[in-house]
>>> print(open('structure.txt').read())   # compact mmCIF, C-alpha atoms and all ligand atoms
# COMPACT_ATOMS: atom_id res chain seq x y z
CA MET P 418 -40.94 -120.89 -96.39
CA ALA P 419 -44.59 -120.16 -97.04
CA ASP P 420 -45.68 -123.76 -97.27
CA LEU P 421 -43.72 -125.90 -94.88
CA PRO P 422 -44.65 -129.53 -95.13
CA ALA P 423 -46.96 -130.48 -92.32
CA PRO P 424 -46.25 -133.52 -90.20
CA ARG P 425 -47.99 -136.55 -91.64
CA SER P 426 -50.09 -137.11 -88.54
CA ALA P 427 -50.25 -135.98 -84.96
CA ASP P 428 -48.68 -139.13 -83.55
CA ASP P 429 -45.89 -139.32 -86.11
CA ASP P 430 -42.63 -139.27 -84.19
CA VAL P 431 -40.46 -138.66 -87.20
CA LEU P 432 -41.09 -135.92 -89.73
CA GLU P 433 -40.32 -137.00 -93.27
CA ILE P 434 -39.80 -134.78 -96.26
CA ALA P 435 -39.80 -135.56 -99.98
CA CYS P 436 -37.32 -134.21 -102.54
CA ARG P 437 -39.97 -131.83 -103.84
CA GLU P 438 -40.22 -130.34 -100.35
CA PHE P 439 -36.48 -130.28 -99.78
CA VAL P 440 -35.84 -128.04 -102.76
CA GLU P 441 -38.16 -125.41 -101.25
CA LEU P 442 -36.50 -125.66 -97.83
CA VAL P 443 -32.93 -125.56 -99.08
CA THR P 444 -32.38 -121.83 -98.58
CA GLU P 445 -33.74 -121.85 -95.04
CA HIS P 446 -31.53 -124.87 -94.40
CA MET P 447 -28.51 -122.92 -95.66
CA GLU P 448 -29.55 -119.91 -93.58
CA GLY P 449 -29.93 -122.06 -90.48
CA THR P 450 -33.41 -120.74 -89.78
CA LEU P 451 -35.43 -123.96 -89.79
CA PRO P 452 -36.95 -125.50 -86.68
CA LYS P 453 -35.07 -128.44 -85.25
CA ALA P 454 -37.63 -131.03 -86.36
CA LEU P 455 -37.26 -129.98 -89.99
CA GLU P 456 -33.48 -129.87 -89.73
CA ASN P 457 -33.57 -133.43 -88.45
CA ALA P 458 -35.85 -134.44 -91.30
CA ILE P 459 -33.49 -132.83 -93.80
CA ALA P 460 -30.45 -134.52 -92.30
CA ALA P 461 -32.24 -137.87 -92.52
CA HIS P 462 -33.30 -137.17 -96.09
CA LEU P 463 -29.82 -136.15 -97.24
CA GLU P 464 -28.37 -139.33 -95.75
CA LEU P 465 -30.38 -141.31 -98.25
CA CYS P 466 -30.84 -139.00 -101.22
CA ASP P 467 -27.87 -138.25 -103.45
CA PRO P 468 -29.75 -136.04 -105.94
CA CYS P 469 -30.81 -133.70 -103.12
CA VAL P 470 -27.20 -133.60 -101.90
CA VAL P 471 -26.28 -132.55 -105.45
CA TYR P 472 -29.05 -129.94 -105.45
CA LEU P 473 -27.85 -128.46 -102.16
CA GLU P 474 -24.30 -128.37 -103.47
CA GLN P 475 -25.48 -126.57 -106.60
CA MET P 476 -27.27 -123.91 -104.56
CA ARG P 477 -24.09 -123.40 -102.53
CA ARG P 478 -21.97 -123.18 -105.66
CA THR P 479 -24.39 -120.73 -107.22
CA ALA P 480 -24.14 -118.45 -104.19
CA ALA P 481 -20.35 -118.83 -104.15
CA ALA P 482 -20.08 -118.02 -107.85
CA LEU P 483 -22.09 -114.83 -107.31
CA GLU P 484 -19.37 -113.65 -104.95
CA THR P 485 -16.93 -113.67 -107.84
CA LEU P 486 -18.92 -111.31 -110.07
CA PRO P 487 -17.01 -108.09 -110.79
CA THR P 488 -18.45 -105.03 -109.07
CA PRO P 489 -17.82 -101.35 -109.76
CA THR P 490 -15.93 -99.37 -107.17
CA LEU P 491 -15.02 -95.71 -106.65
CA PRO P 492 -13.05 -94.08 -109.46
CA ALA P 493 -9.36 -93.76 -108.59
CA ALA P 494 -9.56 -89.96 -108.35
CA ALA P 495 -12.35 -90.12 -105.77
CA ARG P 496 -10.50 -92.77 -103.78
CA ASP P 497 -7.36 -90.63 -103.77
CA ARG P 498 -9.30 -87.59 -102.65
CA VAL P 499 -10.84 -89.53 -99.76
CA LEU P 500 -7.48 -90.89 -98.62
CA GLU P 501 -5.90 -87.44 -98.85
CA MET P 502 -8.63 -86.02 -96.68
CA PHE P 503 -8.14 -88.84 -94.19
CA THR P 504 -4.47 -88.09 -93.89
CA SER P 505 -4.94 -84.35 -93.64
CA LEU P 506 -7.46 -84.72 -90.80
CA HIS P 507 -6.04 -87.61 -88.85
CA GLY P 508 -2.33 -87.08 -89.16
CA GLY P 509 0.21 -87.62 -91.83
CA THR P 510 1.88 -90.68 -90.42
CA ASP P 511 1.00 -94.23 -91.26
CA PRO P 512 2.11 -96.35 -88.30
CA ALA P 513 2.34 -99.39 -90.55
CA ALA P 514 4.62 -97.66 -93.03
CA PRO P 515 8.39 -97.56 -92.59
CA ARG P 516 9.58 -94.30 -91.09
CA MET S 129 -0.27 -104.80 -93.55
CA HIS S 130 -1.55 -104.33 -90.02
CA HIS S 131 -0.09 -104.46 -86.53
CA ASP S 132 1.03 -107.80 -85.23
CA GLY S 133 -1.86 -109.50 -83.52
CA ALA S 134 -4.45 -107.00 -84.76
CA LEU S 135 -7.36 -108.15 -86.83
CA PRO S 136 -7.69 -106.92 -90.41
CA ALA S 137 -9.66 -103.66 -90.44
CA VAL S 138 -12.61 -105.16 -92.30
CA THR S 139 -12.86 -107.91 -89.69
CA ALA S 140 -12.69 -105.58 -86.69
CA ALA S 141 -15.14 -103.20 -88.35
CA VAL S 142 -18.03 -105.65 -88.25
CA LEU S 143 -17.65 -106.39 -84.54
CA GLU S 144 -20.20 -105.03 -82.12
CA GLY S 145 -19.56 -101.76 -80.38
CA GLY S 146 -17.23 -102.02 -77.40
CA HIS S 147 -15.35 -105.07 -78.67
CA ALA S 148 -11.64 -104.75 -77.88
CA ALA S 149 -10.67 -105.19 -81.53
CA GLN S 150 -13.06 -102.44 -82.54
CA VAL S 151 -11.56 -100.10 -79.94
CA GLU S 152 -8.13 -100.97 -81.26
CA LEU S 153 -9.21 -100.28 -84.86
CA LEU S 154 -10.73 -96.93 -83.91
CA ASP S 155 -7.49 -95.99 -82.16
CA ARG S 156 -5.54 -96.85 -85.30
CA LEU S 157 -7.86 -94.86 -87.54
CA ARG S 158 -7.81 -91.84 -85.24
CA ALA S 159 -4.03 -92.02 -85.21
CA GLY S 160 -4.06 -91.75 -88.98
CA ASP S 161 -3.43 -95.37 -89.99
CA ARG S 162 -4.00 -94.83 -93.69
CA THR S 163 -3.49 -98.51 -94.55
CA ALA S 164 -6.36 -99.53 -92.29
CA PHE S 165 -8.61 -96.81 -93.68
CA ALA S 166 -7.76 -97.69 -97.28
CA GLU S 167 -8.61 -101.30 -96.49
CA LEU S 168 -12.13 -100.24 -95.50
CA VAL S 169 -12.54 -97.93 -98.49
CA ASP S 170 -11.46 -100.62 -100.93
CA ALA S 171 -13.48 -103.40 -99.33
CA TRP S 172 -16.70 -101.48 -98.81
CA SER S 173 -17.00 -98.96 -101.63
CA PRO S 174 -18.59 -101.45 -104.07
CA MET S 175 -21.34 -102.41 -101.63
CA LEU S 176 -21.86 -98.80 -100.59
CA LEU S 177 -22.31 -97.87 -104.24
CA ARG S 178 -24.91 -100.60 -104.63
CA VAL S 179 -26.81 -99.51 -101.53
CA ALA S 180 -26.62 -95.86 -102.59
CA ARG S 181 -28.26 -96.85 -105.88
CA LEU S 182 -31.35 -97.86 -103.93
CA HIS S 183 -31.84 -94.16 -103.21
CA VAL S 184 -30.43 -92.20 -106.14
CA SER S 185 -31.14 -92.56 -109.81
CA THR S 186 -27.73 -92.68 -111.48
CA HIS S 187 -24.41 -94.37 -110.93
CA ALA S 188 -22.69 -90.97 -110.99
CA SER S 189 -24.88 -89.77 -108.12
CA ALA S 190 -24.12 -92.95 -106.21
CA GLU S 191 -20.40 -92.32 -106.63
CA GLU S 192 -20.81 -88.86 -105.20
CA VAL S 193 -22.86 -90.19 -102.31
CA VAL S 194 -20.19 -92.76 -101.48
CA GLN S 195 -17.40 -90.21 -101.69
CA GLU S 196 -19.37 -87.84 -99.43
CA THR S 197 -19.98 -90.74 -97.06
CA TRP S 198 -16.28 -91.44 -96.68
CA LEU S 199 -15.58 -87.75 -96.14
CA ALA S 200 -18.29 -87.64 -93.45
CA VAL S 201 -16.82 -90.76 -91.83
CA ILE S 202 -13.43 -89.03 -91.72
CA ARG S 203 -14.89 -85.84 -90.23
CA GLN S 204 -17.01 -87.66 -87.64
CA LEU S 205 -14.53 -90.34 -86.68
CA ASP S 206 -13.48 -88.65 -83.46
CA ARG S 207 -17.10 -88.29 -82.39
CA PHE S 208 -18.15 -91.91 -83.11
CA GLU S 209 -18.93 -93.44 -79.74
CA GLY S 210 -18.60 -97.02 -80.88
CA ARG S 211 -22.01 -98.18 -79.71
CA SER S 212 -22.60 -100.07 -82.93
CA SER S 213 -20.15 -101.73 -85.26
CA LEU S 214 -18.17 -99.37 -87.43
CA ARG S 215 -19.84 -100.92 -90.46
CA THR S 216 -23.34 -100.21 -89.14
CA TRP S 217 -22.32 -96.63 -88.47
CA VAL S 218 -20.97 -96.23 -92.01
CA PHE S 219 -24.21 -97.62 -93.46
CA ARG S 220 -26.15 -95.08 -91.41
CA ILE S 221 -24.06 -92.20 -92.71
CA LEU S 222 -24.41 -93.49 -96.27
CA GLU S 223 -28.16 -93.69 -96.01
CA ASN S 224 -28.43 -90.20 -94.59
CA GLN S 225 -26.32 -88.87 -97.45
CA ALA S 226 -28.21 -90.90 -100.03
CA ARG S 227 -31.65 -89.94 -98.78
CA THR S 228 -30.78 -86.27 -98.73
CA ARG S 229 -29.54 -86.52 -102.25
CA GLY S 230 -32.42 -88.74 -103.37
CA VAL S 231 -34.84 -86.08 -102.19
CA ARG S 232 -32.91 -83.39 -104.05
CA GLU S 233 -33.13 -85.49 -107.18
CA ALA S 234 -36.82 -86.00 -106.50
CA ARG S 235 -36.38 -89.68 -107.08
CA THR S 236 -39.71 -91.21 -106.38
CA VAL S 237 -39.95 -94.14 -103.98
CA PRO S 238 -37.00 -96.07 -105.30
CA TRP S 239 -37.64 -99.08 -103.24
CA SER S 240 -41.27 -99.82 -102.60
CA PHE S 241 -40.77 -103.06 -100.78
CA GLY S 242 -43.51 -102.28 -98.35
CA SER S 243 -46.12 -102.14 -101.06
CA GLY S 244 -46.73 -105.85 -101.11
CA ALA S 245 -46.70 -105.78 -104.88
CA ASP S 246 -45.39 -108.69 -106.90
CA GLY S 247 -47.17 -111.21 -104.73
CA HIS S 248 -46.77 -113.71 -107.52
CA GLU S 249 -43.05 -113.74 -106.80
CA HIS S 250 -43.86 -115.69 -103.68
CA ALA S 251 -46.05 -118.26 -105.31
CA GLY S 252 -45.27 -121.55 -106.97
CA ALA S 253 -42.48 -124.07 -106.93
CA THR S 254 -38.90 -123.14 -107.76
CA VAL S 255 -38.27 -126.48 -109.47
CA ASP S 256 -40.47 -127.80 -112.28
CA ARG S 257 -43.03 -130.14 -110.73
CA ALA S 258 -42.60 -132.50 -113.68
CA ARG S 259 -39.18 -133.44 -112.31
CA PHE S 260 -40.80 -135.14 -109.31
CA ARG S 261 -42.82 -138.31 -109.00
CA GLY S 262 -46.58 -138.02 -108.60
CA PRO S 263 -48.71 -138.83 -105.54
CA GLU S 264 -49.47 -142.34 -106.77
CA ASP S 265 -45.83 -143.25 -107.06
CA ARG S 266 -44.06 -145.49 -104.59
CA TRP S 267 -41.90 -142.45 -103.68
CA PRO S 268 -44.25 -139.50 -104.01
CA GLY S 269 -42.41 -136.21 -104.45
CA GLY S 270 -39.08 -137.91 -105.20
CA TRP S 271 -36.97 -136.99 -108.21
CA THR S 272 -37.78 -138.87 -111.39
CA PRO S 273 -34.77 -140.52 -113.08
CA GLU S 274 -34.79 -137.84 -115.81
CA GLY S 275 -35.53 -135.02 -113.38
CA ARG S 276 -32.81 -135.50 -110.83
CA PRO S 277 -29.95 -133.01 -110.86
CA THR S 278 -26.55 -134.24 -111.93
CA ALA S 279 -23.27 -132.98 -110.55
CA TRP S 280 -21.65 -130.05 -112.34
CA GLU S 281 -18.35 -131.01 -113.93
CA PRO S 282 -16.10 -129.14 -114.08
CA ALA S 283 -17.19 -127.06 -111.09
CA PRO S 284 -18.37 -123.48 -111.71
CA GLU S 285 -15.25 -122.08 -110.04
CA ASP S 286 -13.00 -124.16 -112.32
CA ALA S 287 -11.01 -121.98 -114.70
CA ALA S 288 -12.62 -123.78 -117.64
CA MET S 289 -16.09 -122.65 -116.54
CA ALA S 290 -15.61 -119.49 -114.48
CA ALA S 291 -15.91 -116.92 -117.25
CA GLU S 292 -19.05 -118.44 -118.76
CA VAL S 293 -20.60 -118.94 -115.33
CA ARG S 294 -20.06 -115.29 -114.48
CA ARG S 295 -21.49 -114.16 -117.80
CA GLU S 296 -24.59 -116.32 -117.39
CA LEU S 297 -25.11 -115.30 -113.78
CA ARG S 298 -24.86 -111.62 -114.65
CA ALA S 299 -27.42 -112.06 -117.44
CA ALA S 300 -29.73 -114.15 -115.26
CA LEU S 301 -29.49 -111.66 -112.39
CA ASP S 302 -30.55 -108.86 -114.69
CA GLU S 303 -33.61 -110.87 -115.70
CA LEU S 304 -34.78 -111.48 -112.13
CA PRO S 305 -37.71 -109.50 -110.73
CA GLU S 306 -36.23 -106.40 -109.08
CA ARG S 307 -36.90 -107.44 -105.49
CA GLN S 308 -35.29 -110.84 -105.97
CA ARG S 309 -32.36 -109.36 -107.84
CA THR S 310 -31.70 -106.77 -105.17
CA VAL S 311 -31.77 -109.27 -102.32
CA VAL S 312 -29.52 -111.73 -104.16
CA GLU S 313 -27.09 -108.98 -105.08
CA LEU S 314 -26.86 -107.57 -101.57
CA ARG S 315 -26.50 -110.97 -99.96
CA ASP S 316 -24.42 -112.96 -102.43
CA VAL S 317 -22.64 -110.49 -104.68
CA TYR S 318 -21.92 -107.78 -102.10
CA GLY S 319 -21.77 -109.90 -98.94
CA LEU S 320 -24.29 -108.13 -96.72
CA SER S 321 -25.60 -110.21 -93.84
CA SER S 322 -29.24 -111.17 -93.62
CA ASP S 323 -29.84 -108.53 -90.93
CA GLU S 324 -28.06 -105.86 -92.94
CA THR S 325 -30.11 -106.71 -96.02
CA CYS S 326 -33.41 -106.58 -94.13
CA GLU S 327 -32.49 -103.22 -92.67
CA ARG S 328 -31.40 -101.68 -95.98
CA LEU S 329 -34.59 -102.83 -97.71
CA GLY S 330 -37.11 -102.63 -94.90
CA LEU S 331 -37.88 -106.32 -95.29
CA SER S 332 -38.91 -108.86 -92.69
CA PRO S 333 -36.43 -111.73 -92.31
CA GLY S 334 -39.00 -114.15 -93.70
CA ASN S 335 -39.69 -112.12 -96.83
CA GLN S 336 -35.99 -111.59 -97.35
CA ARG S 337 -35.43 -115.36 -97.28
CA ILE S 338 -38.26 -115.98 -99.73
CA LEU S 339 -36.83 -113.49 -102.21
CA LEU S 340 -33.32 -114.91 -101.73
CA HIS S 341 -34.64 -118.44 -102.21
CA ARG S 342 -36.55 -117.70 -105.37
CA GLY S 343 -33.75 -115.65 -106.84
CA ARG S 344 -31.02 -118.16 -106.11
CA ALA S 345 -33.18 -121.02 -107.38
CA ARG S 346 -33.60 -119.27 -110.73
CA LEU S 347 -29.88 -118.65 -110.98
CA ARG S 348 -29.15 -122.27 -110.16
CA ALA S 349 -31.57 -123.32 -112.88
CA ARG S 350 -29.75 -121.06 -115.34
CA LEU S 351 -26.41 -122.68 -114.52
CA GLU S 352 -27.99 -126.11 -114.79
CA HIS S 353 -29.20 -125.17 -118.23
CA VAL S 354 -25.67 -124.11 -119.16
CA TYR S 355 -24.22 -127.39 -117.96
CA ARG S 356 -26.84 -129.46 -119.73
CA GLY S 357 -26.41 -127.45 -122.90
CA THR S 358 -22.67 -127.10 -123.19
CA THR S 359 -21.37 -130.26 -121.63
CA GLY S 360 -24.37 -132.53 -122.11
CA GLU S 361 -23.54 -136.19 -121.85
CA GLY S 362 -19.86 -135.36 -121.57
CA ALA S 363 -20.50 -134.10 -118.06
CA ARG S 364 -21.55 -137.55 -116.94
CA ARG S 365 -18.55 -139.42 -118.21
CA GLY S 366 -16.27 -138.58 -115.32
ZN ZN Y 601 -34.26 -135.99 -102.12
>>> encode(input="structure.txt", output="structure tokens")
Amino acid sequence: MADLPAPRSADDDVLEIACREFVELVTEHMEGTLPKALENAIAAHLELCDPCVVYLEQMRRTAAALETLPTPTLPAAARDRVLEMFTSLHGGTDPAAPR
Amino acid sequence: MHHDGALPAVTAAVLEGGHAAQVELLDRLRAGDRTAFAELVDAWSPMLLRVARLHVSTHASAEEVVQETWLAVIRQLDRFEGRSSLRTWVFRILENQARTRGVREARTVPWSFGSGADGHEHAGATVDRARFRGPEDRWPGGWTPEGRPTAWEPAPEDAAMAAEVRRELRAALDELPERQRTVVELRDVYGLSSDETCERLGLSPGNQRILLHRGRARLRARLEHVYRGTTGEGARRG
């Protein structure tokens, strides 16, 4: 994101992140767009930090719950009209239907 | 519902142009396989309606745009060369239809993502700083005991919670800044990929992720509020 945590110092081998940083990286982690060093730091952090595991799980569940929201679709009459047109232009037989 | 061994139409329709399963799906559609076509219409019409609404000003107009899109798909099916996925091609037809209509309706710049407005949407933390330990603490930036998130019980998808979760999410979505709401809806509610969302909205991948992040974080906070409010201490018993 805009403010990735910087490595603590130039000769630090291992990048460490705090919980406050993890919560701002969580979406990029879920998207799989983080550089390897940060992914490693997140993996190491999650090994030791149950609340951040919970936070990640809650972001996943939030996204999953959004999938279940009802969404409007075409009115039945419009859908029928489209399917009629399909059949009239591309042939009246449905290969999957019993003859 | 489909031939033995064939992929479901919605699966084949997202494959890149030239993929064997796409060729097979196109053959079925051109041969008049109404079941396969209906599968696409039923699966995609909701998201096409949502995308159409980026360009036209009323739901009724969006319905007409989507119906015209399907009719154009039917008419042009034999000419589609299959260089892109079928889904990409359908999006392109939709956007041509929607833009034409949007111009007729004189809808003014429905989606000014390029403007760089709402810069404040990108600023600040998504979780209250007070929930983390300060710089002088032994674990700077770690959750405080009161601030740490606690597991949601029962889960949001549990029948006991699902209706309230959906109601709260719908309300919270409608309160999001428009750019965040649109990205979250396209990605999470309607299932567009990150690339598809960027293309529909003219967003860079990085900006799209920022808007998704901030939007989802607010929705998560809303659900957390629901869990803390309605189940309170009871949630921690189990
Ligand atoms: Zn943590």
>>> closest_residue(input="structure.txt", among="S:Ser173, S:Thr272, S:Gln225, S:Gln308", to="ligand ZN 601 (chain Y)", atoms="all atoms listed in the file")
S:Thr272
>>> interface_residues(input="structure.txt", of="chain P", to="chain S", cutoff="6 Å", atoms="all atoms listed in the file", output="VMD selection string")
chain P and resid 435 to 437 444 468 471 479 to 480 483 to 484 489 to 490 503 507 to 508 511 to 512
>>> atom_distance(input="structure.txt", atom1="CA of Leu304 in chain S", atom2="CA of His446 in chain P")
22.5 Å
>>> atom_distance(input="structure.txt", atom1="CA of Cys326 in chain S", atom2="CA of Leu339 in chain S")
11.2 Å
>>> closest_residue(input="structure.txt", among="S:Leu314, S:Ala258, S:Leu320, S:Val354", to="Glu296 in chain S", atoms="all atoms listed in the file")
S:Val354
>>> closest_residue(input="structure.txt", among="P:Ala461, P:Cys466, P:Leu486, P:Leu442", to="ligand ZN 601 (chain Y)", atoms="all atoms listed in the file")
P:Cys466
>>> atom_distance(input="structure.txt", atom1="CA of Glu306 in chain S", atom2="CA of Leu329 in chain S")
12.0 Å
